[in-house]
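Undergrad: Hey, dropping work25.txt in here, compact mmCIF, C-alpha atoms:
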# COMPACT_ATOMS: atom_id res chain seq x y z
CA MET A 1 -14.90 75.05 -13.84
CA SER A 2 -15.46 77.14 -16.95
CA LYS A 3 -13.20 76.57 -19.93
CA SER A 4 -10.25 78.91 -20.20
CA LEU A 5 -7.59 79.45 -22.84
CA VAL A 6 -4.24 79.76 -21.10
CA SER A 7 -1.93 77.73 -23.28
CA ILE A 8 -2.29 76.63 -26.88
CA ASN A 9 -2.27 73.06 -25.53
CA ASP A 10 -5.61 73.72 -23.84
CA PHE A 11 -7.25 73.37 -27.25
CA THR A 12 -7.49 70.09 -29.10
CA LYS A 13 -6.88 69.92 -32.84
CA GLU A 14 -10.65 69.90 -33.36
CA GLU A 15 -11.04 73.02 -31.24
CA ILE A 16 -8.29 74.79 -33.17
CA LEU A 17 -10.06 73.94 -36.43
CA LYS A 18 -13.36 75.13 -34.94
CA ILE A 19 -11.74 78.49 -34.11
CA MET A 20 -10.45 78.69 -37.72
CA ASP A 21 -14.00 78.17 -39.04
CA LEU A 22 -15.51 80.68 -36.62
CA ALA A 23 -12.86 83.28 -37.47
CA ALA A 24 -13.72 82.91 -41.16
CA GLU A 25 -17.40 83.36 -40.29
CA PHE A 26 -16.66 86.55 -38.37
CA GLU A 27 -14.47 87.84 -41.16
CA ALA A 28 -17.38 87.41 -43.56
CA ASP A 29 -19.76 89.12 -41.13
CA PRO A 30 -17.80 91.08 -38.50
CA ASN A 31 -20.69 92.65 -36.61
CA GLN A 32 -22.67 89.97 -34.84
CA LYS A 33 -24.24 91.10 -31.59
CA LEU A 34 -23.78 87.86 -29.70
CA LEU A 35 -22.58 89.38 -26.42
CA CYS A 36 -25.23 92.08 -25.78
CA ASP A 37 -25.70 90.96 -22.19
CA LYS A 38 -22.04 90.30 -21.42
CA VAL A 39 -19.35 92.27 -19.61
CA ILE A 40 -15.74 91.30 -20.22
CA ALA A 41 -12.71 92.44 -18.23
CA THR A 42 -9.43 93.27 -19.92
CA LEU A 43 -6.79 93.29 -17.19
CA PHE A 44 -3.44 94.43 -18.50
CA PHE A 45 -0.87 94.15 -15.72
CA GLU A 46 1.70 94.74 -18.43
CA PRO A 47 0.93 97.39 -21.03
CA SER A 48 0.21 96.21 -24.57
CA THR A 49 -1.65 98.56 -26.83
CA ARG A 50 -1.99 96.25 -29.79
CA THR A 51 -3.26 93.14 -28.06
CA ARG A 52 -5.58 95.10 -25.79
CA LEU A 53 -7.13 97.09 -28.64
CA SER A 54 -7.52 93.95 -30.71
CA PHE A 55 -9.37 92.18 -27.89
CA GLU A 56 -11.49 95.24 -27.10
CA SER A 57 -12.36 95.67 -30.76
CA ALA A 58 -13.40 92.02 -30.90
CA ILE A 59 -15.59 92.39 -27.80
CA ASN A 60 -17.17 95.59 -29.10
CA ARG A 61 -17.90 94.07 -32.50
CA LEU A 62 -19.68 91.25 -30.69
CA GLY A 63 -21.78 93.83 -28.83
CA GLY A 64 -20.21 93.15 -25.41
CA ARG A 65 -19.03 95.72 -22.90
CA VAL A 66 -15.49 96.11 -21.62
CA ILE A 67 -14.19 97.08 -18.20
CA GLY A 68 -10.59 96.87 -17.05
CA PHE A 69 -7.27 98.61 -16.93
CA ALA A 70 -4.39 99.20 -19.32
CA ASP A 71 -1.74 99.44 -16.60
CA THR A 72 -1.70 98.81 -12.88
CA SER A 73 -0.70 102.25 -11.60
CA ASN A 74 -4.20 103.25 -10.45
CA THR A 75 -5.38 99.89 -9.19
CA SER A 76 -5.42 97.98 -5.92
CA VAL A 77 -2.54 95.93 -7.36
CA SER A 78 -0.30 98.91 -6.67
CA LYS A 79 -1.54 98.71 -3.05
CA GLY A 80 -0.21 95.18 -2.82
CA GLU A 81 -3.33 93.11 -3.46
CA THR A 82 -2.56 89.51 -4.40
CA LEU A 83 -3.39 88.27 -7.87
CA HIS A 84 -5.73 85.75 -6.29
CA ASP A 85 -7.84 88.46 -4.67
CA THR A 86 -7.90 90.67 -7.77
CA ILE A 87 -9.11 87.78 -9.91
CA ARG A 88 -11.73 86.66 -7.37
CA MET A 89 -13.13 90.20 -7.27
CA VAL A 90 -13.17 90.70 -11.02
CA SER A 91 -14.85 87.28 -11.44
CA ASN A 92 -17.79 88.76 -9.55
CA TYR A 93 -18.12 91.66 -11.94
CA THR A 94 -17.69 90.02 -15.32
CA ASP A 95 -18.44 87.06 -17.58
CA MET A 96 -14.87 86.61 -18.80
CA ILE A 97 -11.38 87.84 -18.00
CA VAL A 98 -8.82 88.68 -20.66
CA MET A 99 -5.49 89.08 -18.92
CA ARG A 100 -1.92 90.01 -19.70
CA HIS A 101 0.68 89.72 -16.99
CA TYR A 102 4.47 90.02 -16.85
CA ILE A 103 4.63 87.12 -14.38
CA GLU A 104 4.91 83.72 -16.07
CA GLY A 105 2.23 81.26 -15.10
CA ALA A 106 -0.01 84.08 -13.83
CA ALA A 107 -2.70 83.18 -16.35
CA ARG A 108 -2.86 79.51 -15.33
CA TYR A 109 -3.06 80.54 -11.71
CA ALA A 110 -5.76 83.12 -12.50
CA SER A 111 -7.79 80.47 -14.32
CA GLU A 112 -7.71 78.41 -11.12
CA CYS A 113 -8.85 81.35 -8.97
CA ALA A 114 -11.51 82.65 -11.36
CA THR A 115 -15.10 81.47 -11.63
CA VAL A 116 -15.34 82.77 -15.22
CA PRO A 117 -13.27 81.82 -18.29
CA VAL A 118 -9.79 83.36 -18.47
CA VAL A 119 -8.14 84.17 -21.78
CA ASN A 120 -4.39 84.54 -21.54
CA ALA A 121 -3.30 87.58 -23.52
CA GLY A 122 0.35 86.88 -22.73
CA ASP A 123 2.16 85.85 -19.54
CA GLY A 124 5.79 86.94 -19.70
CA SER A 125 7.74 84.85 -22.15
CA ASN A 126 5.43 81.88 -21.66
CA GLN A 127 2.22 81.69 -23.69
CA HIS A 128 0.12 83.94 -25.90
CA PRO A 129 -2.42 81.54 -27.41
CA SER A 130 -4.64 84.06 -29.20
CA GLN A 131 -1.57 85.18 -31.15
CA THR A 132 -0.88 81.58 -32.10
CA LEU A 133 -4.44 81.06 -33.27
CA LEU A 134 -4.35 84.19 -35.39
CA ASP A 135 -1.02 83.02 -36.83
CA LEU A 136 -2.66 79.72 -37.73
CA TYR A 137 -5.63 81.53 -39.23
CA SER A 138 -3.26 83.64 -41.33
CA ILE A 139 -1.41 80.54 -42.50
CA LYS A 140 -4.65 78.78 -43.39
CA LYS A 141 -5.96 81.82 -45.24
CA THR A 142 -2.83 82.36 -47.30
CA GLN A 143 -1.89 78.73 -47.95
CA GLY A 144 -5.37 77.20 -48.13
CA ARG A 145 -4.39 74.57 -45.57
CA LEU A 146 -2.53 73.99 -42.31
CA ASP A 147 -1.03 70.59 -43.08
CA ASN A 148 2.60 70.12 -44.17
CA ILE A 149 3.53 73.80 -44.23
CA HIS A 150 7.22 74.73 -44.23
CA ILE A 151 7.78 77.62 -41.86
CA MET A 152 11.06 79.49 -41.62
CA VAL A 153 11.26 81.24 -38.26
CA VAL A 154 13.77 84.05 -37.89
CA GLY A 155 15.06 86.05 -34.96
CA ASP A 156 14.54 85.50 -31.27
CA LEU A 157 13.83 81.81 -30.91
CA LYS A 158 14.99 81.71 -27.32
CA TYR A 159 12.59 84.13 -25.69
CA GLY A 160 9.97 84.43 -28.44
CA ARG A 161 6.83 82.92 -26.95
CA THR A 162 4.93 83.20 -30.25
CA VAL A 163 7.52 80.88 -31.79
CA HIS A 164 7.22 78.33 -28.98
CA SER A 165 3.43 78.23 -29.15
CA LEU A 166 3.49 78.03 -32.94
CA ILE A 167 5.71 74.94 -32.75
CA GLN A 168 3.31 73.30 -30.29
CA ALA A 169 0.31 74.11 -32.46
CA MET A 170 1.92 72.92 -35.69
CA ALA A 171 2.50 69.49 -34.13
CA HIS A 172 -1.16 68.82 -35.04
CA PHE A 173 -0.48 69.58 -38.68
CA ASN A 174 2.86 67.98 -39.42
CA GLY A 175 4.58 71.35 -39.73
CA ARG A 176 8.18 71.58 -40.98
CA PHE A 177 10.51 74.20 -39.59
CA THR A 178 13.71 75.99 -40.46
CA PHE A 179 15.03 77.95 -37.50
CA VAL A 180 17.28 80.92 -38.19
CA ALA A 181 18.86 82.61 -35.19
CA PRO A 182 22.18 83.76 -33.78
CA PRO A 183 23.64 81.21 -31.33
CA GLU A 184 22.67 83.41 -28.35
CA LEU A 185 19.02 83.22 -29.32
CA GLU A 186 18.68 79.71 -30.65
CA LEU A 187 15.70 77.52 -29.86
CA PRO A 188 15.78 76.12 -26.30
CA GLU A 189 16.48 72.40 -25.94
CA GLU A 190 13.03 71.67 -24.51
CA TYR A 191 11.40 72.66 -27.82
CA LYS A 192 13.84 70.59 -29.83
CA ILE A 193 12.88 67.64 -27.65
CA PHE A 194 9.23 68.43 -28.36
CA LEU A 195 9.88 68.54 -32.12
CA ARG A 196 11.70 65.20 -32.05
CA GLU A 197 9.02 63.60 -29.89
CA HIS A 198 6.40 64.63 -32.42
CA ARG A 199 8.58 63.53 -35.34
CA MET A 200 8.51 67.00 -36.85
CA GLU A 201 11.14 67.81 -39.42
CA PHE A 202 13.35 70.77 -38.51
CA ARG A 203 16.78 72.22 -39.14
CA GLU A 204 18.76 75.08 -37.69
CA THR A 205 20.94 77.59 -39.43
CA THR A 206 22.44 81.00 -38.81
CA ASP A 207 22.11 81.97 -42.47
CA MET A 208 18.83 83.61 -43.43
CA ASN A 209 19.33 83.00 -47.14
CA ALA A 210 20.10 79.28 -46.92
CA TYR A 211 16.58 77.90 -47.19
CA ILE A 212 14.49 81.00 -47.90
CA ARG A 213 13.37 79.70 -51.31
CA GLU A 214 11.84 76.57 -49.79
CA ALA A 215 9.66 78.36 -47.26
CA ASP A 216 5.86 78.65 -47.46
CA ILE A 217 5.88 81.07 -44.54
CA ILE A 218 8.61 83.33 -43.22
CA TYR A 219 7.83 84.10 -39.61
CA MET A 220 9.90 87.08 -38.48
CA THR A 221 10.26 87.99 -34.82
CA ARG A 222 11.58 90.97 -33.00
CA VAL A 223 14.62 90.67 -30.79
CA GLN A 224 12.96 92.03 -27.69
CA ARG A 225 15.00 94.39 -25.61
CA GLU A 226 12.91 93.74 -22.51
CA ARG A 227 13.86 90.05 -22.52
CA PHE A 228 17.57 90.78 -22.11
CA SER A 229 19.19 91.21 -18.74
CA ASP A 230 22.46 91.94 -20.50
CA LEU A 231 22.07 94.99 -22.72
CA MET A 232 25.49 94.40 -24.29
CA GLU A 233 24.19 91.12 -25.62
CA TYR A 234 21.10 92.89 -26.98
CA GLU A 235 23.20 95.45 -28.85
CA ARG A 236 25.28 92.66 -30.31
CA VAL A 237 22.41 90.66 -31.79
CA LYS A 238 19.65 93.18 -32.55
CA ASN A 239 20.72 93.92 -36.11
CA ALA A 240 21.75 90.40 -37.00
CA TYR A 241 18.69 89.34 -38.98
CA ILE A 242 17.00 91.90 -41.18
CA LEU A 243 14.71 90.87 -44.03
CA ARG A 244 15.12 93.02 -47.15
CA ASP A 245 13.08 93.07 -50.34
CA SER A 246 16.03 91.92 -52.46
CA MET A 247 16.20 88.68 -50.47
CA LEU A 248 12.70 87.69 -51.59
CA GLU A 249 13.72 87.12 -55.19
CA GLY A 250 13.14 83.50 -56.18
CA THR A 251 11.02 82.71 -53.14
CA LYS A 252 7.88 80.64 -53.60
CA GLU A 253 4.88 82.30 -55.23
CA ASN A 254 2.60 81.30 -52.33
CA MET A 255 5.12 82.41 -49.70
CA ARG A 256 3.91 85.02 -47.19
CA ILE A 257 5.76 86.94 -44.50
CA LEU A 258 4.27 86.99 -41.03
CA HIS A 259 5.32 88.97 -37.98
CA PRO A 260 3.53 89.21 -34.62
CA LEU A 261 4.37 92.96 -34.57
CA PRO A 262 5.49 95.45 -33.44
CA ARG A 263 8.56 95.35 -35.63
CA VAL A 264 11.58 97.50 -35.01
CA ASN A 265 13.86 97.10 -37.98
CA GLU A 266 13.92 93.34 -38.62
CA ILE A 267 11.71 93.77 -41.69
CA HIS A 268 13.04 96.58 -43.84
CA THR A 269 10.28 98.98 -44.94
CA SER A 270 11.15 98.13 -48.56
CA VAL A 271 9.37 94.81 -47.98
CA ASP A 272 6.04 96.44 -47.07
CA ALA A 273 5.02 97.02 -50.70
CA ASN A 274 5.83 93.45 -51.71
CA PRO A 275 2.66 91.37 -52.19
CA LYS A 276 4.28 88.68 -50.07
CA ALA A 277 4.22 90.96 -47.01
CA TYR A 278 1.25 89.83 -44.95
CA TYR A 279 1.92 91.16 -41.42
CA PHE A 280 -0.63 93.96 -41.45
CA ASP A 281 -3.38 91.65 -42.74
CA GLN A 282 -2.27 89.22 -40.06
CA ALA A 283 -2.98 91.85 -37.40
CA ARG A 284 -6.45 92.36 -38.89
CA ASN A 285 -7.05 88.62 -38.70
CA GLY A 286 -6.39 88.95 -34.97
CA VAL A 287 -9.72 90.66 -34.37
CA PHE A 288 -11.69 87.89 -36.10
CA THR A 289 -9.71 85.18 -34.33
CA ARG A 290 -10.34 86.80 -30.95
CA MET A 291 -14.04 87.12 -31.73
CA ALA A 292 -13.96 83.39 -32.43
CA ILE A 293 -12.13 82.56 -29.18
CA ILE A 294 -14.41 84.68 -27.00
CA SER A 295 -17.65 83.45 -28.51
CA TYR A 296 -16.48 79.85 -28.40
CA LEU A 297 -15.47 80.00 -24.72
CA LEU A 298 -18.69 81.76 -23.75
CA GLY A 299 -20.69 79.18 -25.65
CA VAL A 300 -22.52 81.64 -27.85
CA LYS A 301 -21.21 80.08 -31.09
CA MET B 1 37.76 41.41 1.45
CA LYS B 2 35.56 43.65 3.53
CA THR B 3 36.78 43.78 7.11
CA VAL B 4 35.09 46.89 8.43
CA LEU B 5 31.52 48.05 8.01
CA GLU B 6 31.72 51.59 6.75
CA VAL B 7 28.46 52.58 8.43
CA SER B 8 27.57 50.35 11.33
CA ALA B 9 24.41 48.25 11.37
CA ILE B 10 21.33 49.33 13.28
CA GLU B 11 19.05 47.23 15.42
CA ASN B 12 15.74 48.81 14.46
CA GLY B 13 14.80 51.52 12.02
CA THR B 14 15.08 52.60 8.39
CA VAL B 15 18.04 52.34 6.03
CA ILE B 16 18.07 54.41 2.87
CA ASP B 17 20.74 53.15 0.51
CA HIS B 18 21.91 53.99 -3.01
CA ILE B 19 21.56 57.73 -2.63
CA PRO B 20 23.65 59.74 -5.14
CA SER B 21 26.52 61.34 -3.22
CA GLY B 22 25.46 64.84 -4.20
CA SER B 23 21.97 64.33 -2.84
CA LEU B 24 22.70 63.24 0.73
CA PHE B 25 22.23 66.57 2.43
CA LYS B 26 19.21 67.49 0.30
CA ILE B 27 17.53 64.30 1.41
CA MET B 28 18.40 64.95 5.05
CA ASN B 29 16.85 68.35 4.52
CA ILE B 30 13.66 67.07 2.89
CA LEU B 31 13.20 64.42 5.59
CA GLN B 32 13.90 67.16 8.14
CA LEU B 33 16.34 64.94 9.95
CA GLU B 34 17.93 67.89 11.73
CA ASN B 35 14.80 68.13 13.86
CA ILE B 36 14.65 64.59 15.19
CA THR B 37 16.44 63.18 18.21
CA ASN B 38 16.78 59.59 16.97
CA ARG B 39 20.22 58.22 16.37
CA ILE B 40 21.22 58.83 12.77
CA THR B 41 24.32 57.46 11.09
CA PHE B 42 25.27 58.25 7.56
CA GLY B 43 28.08 57.87 5.11
CA ASN B 44 28.85 59.79 1.95
CA ASN B 45 31.10 59.19 -1.04
CA LEU B 46 31.15 55.47 -0.30
CA GLU B 47 32.21 53.01 -2.96
CA SER B 48 29.38 51.59 -5.03
CA LYS B 49 29.60 49.10 -7.87
CA ARG B 50 26.35 50.36 -9.35
CA MET B 51 26.76 54.08 -8.88
CA GLY B 52 30.49 54.78 -8.52
CA THR B 53 29.96 56.58 -5.26
CA LYS B 54 26.91 56.67 -3.08
CA ALA B 55 25.53 57.80 0.22
CA ILE B 56 23.62 55.90 2.88
CA ILE B 57 21.47 57.03 5.81
CA LYS B 58 20.45 54.88 8.78
CA ILE B 59 17.80 56.17 11.12
CA SER B 60 17.30 54.21 14.32
CA ASP B 61 13.91 53.45 15.82
CA MET B 62 11.88 55.14 13.15
CA GLU B 63 9.88 53.97 10.15
CA VAL B 64 10.11 56.69 7.56
CA PRO B 65 6.62 56.85 6.01
CA GLN B 66 6.05 56.09 2.31
CA GLU B 67 4.85 59.61 1.45
CA ALA B 68 8.08 61.16 2.74
CA LEU B 69 10.02 58.64 0.68
CA ASN B 70 8.22 59.65 -2.49
CA LYS B 71 9.62 63.12 -1.98
CA ILE B 72 13.19 61.81 -1.82
CA ALA B 73 12.60 59.86 -5.04
CA ILE B 74 13.16 63.02 -7.05
CA PHE B 75 16.70 63.29 -5.62
CA ALA B 76 17.46 59.61 -5.43
CA PRO B 77 15.42 57.72 -8.00
CA MET B 78 17.58 54.60 -7.46
CA ALA B 79 17.26 54.61 -3.68
CA ARG B 80 16.49 51.38 -1.84
CA VAL B 81 14.80 51.50 1.52
CA ASN B 82 15.07 48.70 4.07
CA TYR B 83 13.09 48.55 7.27
CA ILE B 84 15.08 46.83 10.00
CA LYS B 85 13.96 44.88 13.08
CA ASN B 86 16.47 43.07 15.31
CA PHE B 87 19.21 43.62 12.77
CA GLU B 88 17.12 41.88 10.09
CA VAL B 89 15.56 43.40 6.99
CA VAL B 90 11.82 42.95 7.48
CA ARG B 91 10.60 44.94 4.50
CA LYS B 92 12.19 46.31 1.32
CA LEU B 93 10.99 49.19 -0.70
CA SER B 94 12.26 50.95 -3.79
CA VAL B 95 11.17 54.52 -4.15
CA SER B 96 9.29 55.55 -7.26
CA VAL B 97 9.33 58.93 -8.90
CA PRO B 98 5.76 60.26 -8.94
CA ASP B 99 4.01 61.70 -12.04
CA THR B 100 3.42 65.03 -10.38
CA LEU B 101 4.92 66.92 -7.50
CA GLU B 102 3.38 69.57 -5.28
CA GLY B 103 5.51 71.74 -3.02
CA SER B 104 9.03 70.59 -1.98
CA ILE B 105 10.90 72.19 -4.90
CA ARG B 106 11.09 75.79 -6.04
CA CYS B 107 10.44 76.50 -9.72
CA ALA B 108 13.79 77.50 -11.26
CA ASN B 109 12.13 80.34 -13.18
CA PRO B 110 12.56 83.46 -11.00
CA ILE B 111 9.57 85.20 -12.62
CA CYS B 112 7.23 82.24 -12.24
CA VAL B 113 4.00 83.05 -10.42
CA THR B 114 4.95 80.50 -7.73
CA ASN B 115 7.96 82.66 -6.86
CA LYS B 116 6.03 85.95 -6.96
CA GLU B 117 2.68 85.20 -5.37
CA PRO B 118 1.66 82.91 -2.50
CA VAL B 119 1.16 79.88 -4.74
CA THR B 120 2.34 76.31 -4.04
CA PRO B 121 4.59 75.06 -6.86
CA LYS B 122 3.19 72.19 -8.90
CA PHE B 123 5.09 70.17 -11.45
CA GLU B 124 4.64 67.46 -13.97
CA ILE B 125 7.64 65.12 -14.00
CA VAL B 126 8.52 64.89 -17.68
CA ASP B 127 11.65 62.74 -17.36
CA LYS B 128 11.64 60.24 -14.53
CA GLU B 129 15.20 59.08 -15.06
CA LYS B 130 16.87 62.47 -15.02
CA VAL B 131 14.04 63.80 -12.86
CA THR B 132 13.14 66.80 -14.96
CA LEU B 133 10.19 68.89 -13.84
CA ARG B 134 7.86 71.06 -15.92
CA CYS B 135 6.09 73.78 -13.99
CA HIS B 136 2.30 73.50 -14.10
CA TYR B 137 2.08 77.30 -14.14
CA CYS B 138 4.91 78.85 -16.17
CA GLU B 139 5.59 75.63 -18.18
CA LYS B 140 9.34 76.09 -17.75
CA ILE B 141 11.71 73.23 -17.03
CA THR B 142 13.49 72.75 -13.72
CA THR B 143 16.36 70.24 -13.86
CA GLN B 144 17.78 68.26 -10.98
CA GLU B 145 20.86 70.50 -10.79
CA GLN B 146 18.55 73.45 -10.15
CA PHE B 147 16.56 71.85 -7.36
CA GLU B 148 16.11 74.09 -4.37
CA ILE B 149 14.10 72.76 -1.48
CA ILE B 150 11.25 74.67 0.06
CA LYS B 151 9.52 73.60 3.24
Translate the structure described by the file into structure tokens.
TA:
Amino acid sequence: MSKSLVSINDFTKEEILKIMDLAAEFEADPNQKLLCDKVIATLFFEPSTRTRLSFESAINRLGGRVIGFADTSNTSVSKGETLHDTIRMVSNYTDMIVMRHYIEGAARYASECATVPVVNAGDGSNQHPSQTLLDLYSIKKTQGRLDNIHIMVVGDLKYGRTVHSLIQAMAHFNGRFTFVAPPELELPEEYKIFLREHRMEFRETTDMNAYIREADIIYMTRVQRERFSDLMEYERVKNAYILRDSMLEGTKENMRILHPLPRVNEIHTSVDANPKAYYFDQARNGVFTRMAIISYLLGVK
Amino acid sequence: MKTVLEVSAIENGTVIDHIPSGSLFKIMNILQLENITNRITFGNNLESKRMGTKAIIKISDMEVPQEALNKIAIFAPMARVNYIKNFEVVRKLSVSVPDTLEGSIRCANPICVTNKEPVTPKFEIVDKEKVTLRCHYCEKITTQEQFEIIK
């Protein structure tokens, strides 16, 4: 079976470091025609402009061709085709499948049905490993290392898949965490168990300002409306944690602010001009990281 | 002093003892006991020194196979199984919780692919004492309280 990237745990520490090196190589030289004879499918069962464009940009920069769909309205999926059959068919047409799906576990299942590598571009609230790898790349670039970084994560820790994957990845690098969330959105118990099992230092608070001066990275997340079944609860918590420029006074010189984007209002626009704001550069790093992932899985690098 | 047997002895067959009281009917369900014509006696909420209360099932004239018993292990990790011949225990067995589980239980995550597409659920058992399952597909946890049997 070809190697897929479904969950961040599919990569060893060595593979993660390899992706970091490759991403840096692609950043230095972003147009390497390594995929001239390759066709890659981007199947977006759930719309996502940013992730899809980032992947398609990466494929195009590598000289590959893209086929696929950005939503399912005009596909056989809307006729009731099973995921299994869709994936088997697309495997015949392409050398790799990049897939986003609203169903959790769909990517793992697809990787078992496919005869080509599958890259998970997000499956519900479960995994989004390319985001995690670009987060790691951004941390490495701004901090010069991945080991012993103190990350303060703010916002939706309950449903935020990028947070969950980041915790799993940082287990390789002795990461320290401060979790800031309202009680409704605090980190699920299973991840606290994971942190304890891996002897990772962490603390929880509801106060954003409590430990902000100790952080190397502030990782902001959006409170996602689509994850709430109870809209009353969403309205109650959506404005709870907003980062403002004035709060950054006295924070570490090396500190950088990351956000998987899109943001709504959790980072006030006054922060954008601060040199510690890194979220737009982070998005740019996504293209290089995805070039690294694709070329690594296809064995061209 | 015990003067009455709470669940009478059987001559031949299988006795499954030390079942948690709450799990009796789930185990009957998993073993599909409603479909067999053998004599079955059972007791629930019986006194147990080890467990507080327990349940017991006695199935006459049938040796419940090992593979079926591994499935009940997830509901009754402490269960003891005795095979009986002529009112004597001829073989003892304690069930063991397997490392992985395929089928039997529904993933508690309603938007897991195993609940949306024709896919057999698969789990890794991450805590054998509490019997906590992690879905191979959606990676979410299903706890014993959430167990729902599928056939």
Undergrad: Would you list the contacts of stretch 14-21 of chain B as a list in words, taking every protein, DNA or RNA residue within 8 Å and counting all atoms listed in the file, but skipping same-chain residues closer than 5 positions in sequence?
TA: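 Once the nearby chain positions are removed, what remains is Asn44, Asn45, Met51, Thr53, Lys54, Ala55, Ile56, Ile57, Lys58, Ile59, Ser60, Asp61, Met62, Glu63, Val64, Phe75, Ala76, Met78, Ala79, Arg80, Val81, Asn82, Tyr83 and Ile84 of chain B.
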Undergrad: Mind dumping a table of every chain A residue within 8 Å of chain B, with the nearest atom pair and its distance in Å to one decimal, using all atoms listed in the file, sorted by chain and rising number, as a tab-separated table?
TA:
residue	atom	partner	partner_atom	distance
A:Thr82	CA	B:Glu117	CA	6.9
A:Leu83	CA	B:Glu117	CA	7.2
A:Ile103	CA	B:Ile111	CA	5.6
A:Glu104	CA	B:Cys112	CA	4.7
A:Gly105	CA	B:Cys138	CA	3.8
A:Ala106	CA	B:Val113	CA	5.4
A:Ala107	CA	B:Tyr137	CA	7.9
A:Arg108	CA	B:Tyr137	CA	5.5
A:Tyr109	CA	B:Tyr137	CA	6.5
A:Asn126	CA	B:Cys138	CA	6.3
A:Glu190	CA	B:Ile141	CA	7.8
Undergrad: Pick the closest to A:Gly122 from A:Thr72, A:Asn148, A:Ser7, A:Ser54: which is it, counting all atoms listed in the file?
TA: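 Closest residue, counting all atoms listed in the file: A:Ser7.
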Undergrad: Could you tell me, as a compact mmCIF listing (two decimals) with C-alpha atoms, in the frame of the given file, which residues have any atom at most 10 Å from (19.6, 80.4, -43.6), counting all atoms listed in the file?
TA:
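Result went into part.txt, see below:
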# COMPACT_ATOMS: atom_id res chain seq x y z
CA MET A 152 11.06 79.49 -41.62
CA VAL A 153 11.26 81.24 -38.26
CA VAL A 154 13.77 84.05 -37.89
CA THR A 178 13.71 75.99 -40.46
CA PHE A 179 15.03 77.95 -37.50
CA VAL A 180 17.28 80.92 -38.19
CA ALA A 181 18.86 82.61 -35.19
CA ARG A 203 16.78 72.22 -39.14
CA GLU A 204 18.76 75.08 -37.69
CA THR A 205 20.94 77.59 -39.43
CA THR A 206 22.44 81.00 -38.81
CA ASP A 207 22.11 81.97 -42.47
CA MET A 208 18.83 83.61 -43.43
CA ASN A 209 19.33 83.00 -47.14
CA ALA A 210 20.10 79.28 -46.92
CA TYR A 211 16.58 77.90 -47.19
CA ILE A 212 14.49 81.00 -47.90
CA ARG A 213 13.37 79.70 -51.31
Undergrad: Do you have, as a tab-separated table, the list of residues of stretch 40-75 of chain A lying at most 12 Å from stretch 284-287 of chain A, each with its nearest atom pair and that distance in Å to one decimal, counting all atoms listed in the file and ordered by chain then number?
TA:
residue	atom	partner	partner_atom	distance
A:Arg50	CA	A:Gly286	CA	10.0
A:Thr51	CA	A:Gly286	CA	8.7
A:Arg52	CA	A:Val287	CA	10.5
A:Leu53	CA	A:Val287	CA	9.0
A:Ser54	CA	A:Val287	CA	5.4
A:Phe55	CA	A:Val287	CA	6.7
A:Glu56	CA	A:Val287	CA	8.8
A:Ser57	CA	A:Val287	CA	6.7
A:Ala58	CA	A:Val287	CA	5.2
A:Ile59	CA	A:Val287	CA	9.0
A:Asn60	CA	A:Val287	CA	10.4
A:Arg61	CA	A:Val287	CA	9.1
A:Leu62	CA	A:Val287	CA	10.6
Undergrad: What gap, in Å, lies between atom CA of A:Ile151 and atom CA of A:Leu297?
TA: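 Interatomic distance, atom CA of A:Ile151 to atom CA of A:Leu297: 29.0 Å.
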Undergrad: Would you mind exporting stretch 102-128 of chain B with C-alpha atoms, as a short mmCIF file (atom, residue, chain, number, x, y, z; two decimals), in the first residue's frame?
TA:
data_model
loop_
_atom_site.label_atom_id
_atom_site.label_comp_id
_atom_site.auth_asym_id
_atom_site.auth_seq_id
_atom_site.Cartn_x
_atom_site.Cartn_y
_atom_site.Cartn_z
CA GLU B 102 -13.81 -5.25 14.81
CA GLY B 103 -17.58 -4.97 14.53
CA SER B 104 -19.81 -5.60 17.59
CA ILE B 105 -19.86 -2.00 18.85
CA ARG B 106 -20.99 1.19 17.18
CA CYS B 107 -18.61 4.16 17.26
CA ALA B 108 -20.14 6.74 19.62
CA ASN B 109 -19.30 9.55 17.20
CA PRO B 110 -22.44 10.09 15.08
CA ILE B 111 -20.45 11.65 12.22
CA CYS B 112 -17.85 8.89 12.10
CA VAL B 113 -17.45 7.31 8.68
CA THR B 114 -18.49 3.95 10.18
CA ASN B 115 -21.90 5.45 10.94
CA LYS B 116 -22.27 7.17 7.56
CA GLU B 117 -20.89 4.71 5.03
CA PRO B 118 -20.99 0.91 4.84
CA VAL B 119 -17.79 0.45 6.87
CA THR B 120 -17.24 -2.06 9.68
CA PRO B 121 -16.19 -0.28 12.89
CA LYS B 122 -12.67 -0.99 14.08
CA PHE B 123 -11.22 0.02 17.42
CA GLU B 124 -8.05 -0.01 19.36
CA ILE B 125 -8.71 -0.76 23.03
CA VAL B 126 -6.80 1.97 24.83
CA ASP B 127 -7.84 1.12 28.39
CA LYS B 128 -8.42 -2.54 29.10
#
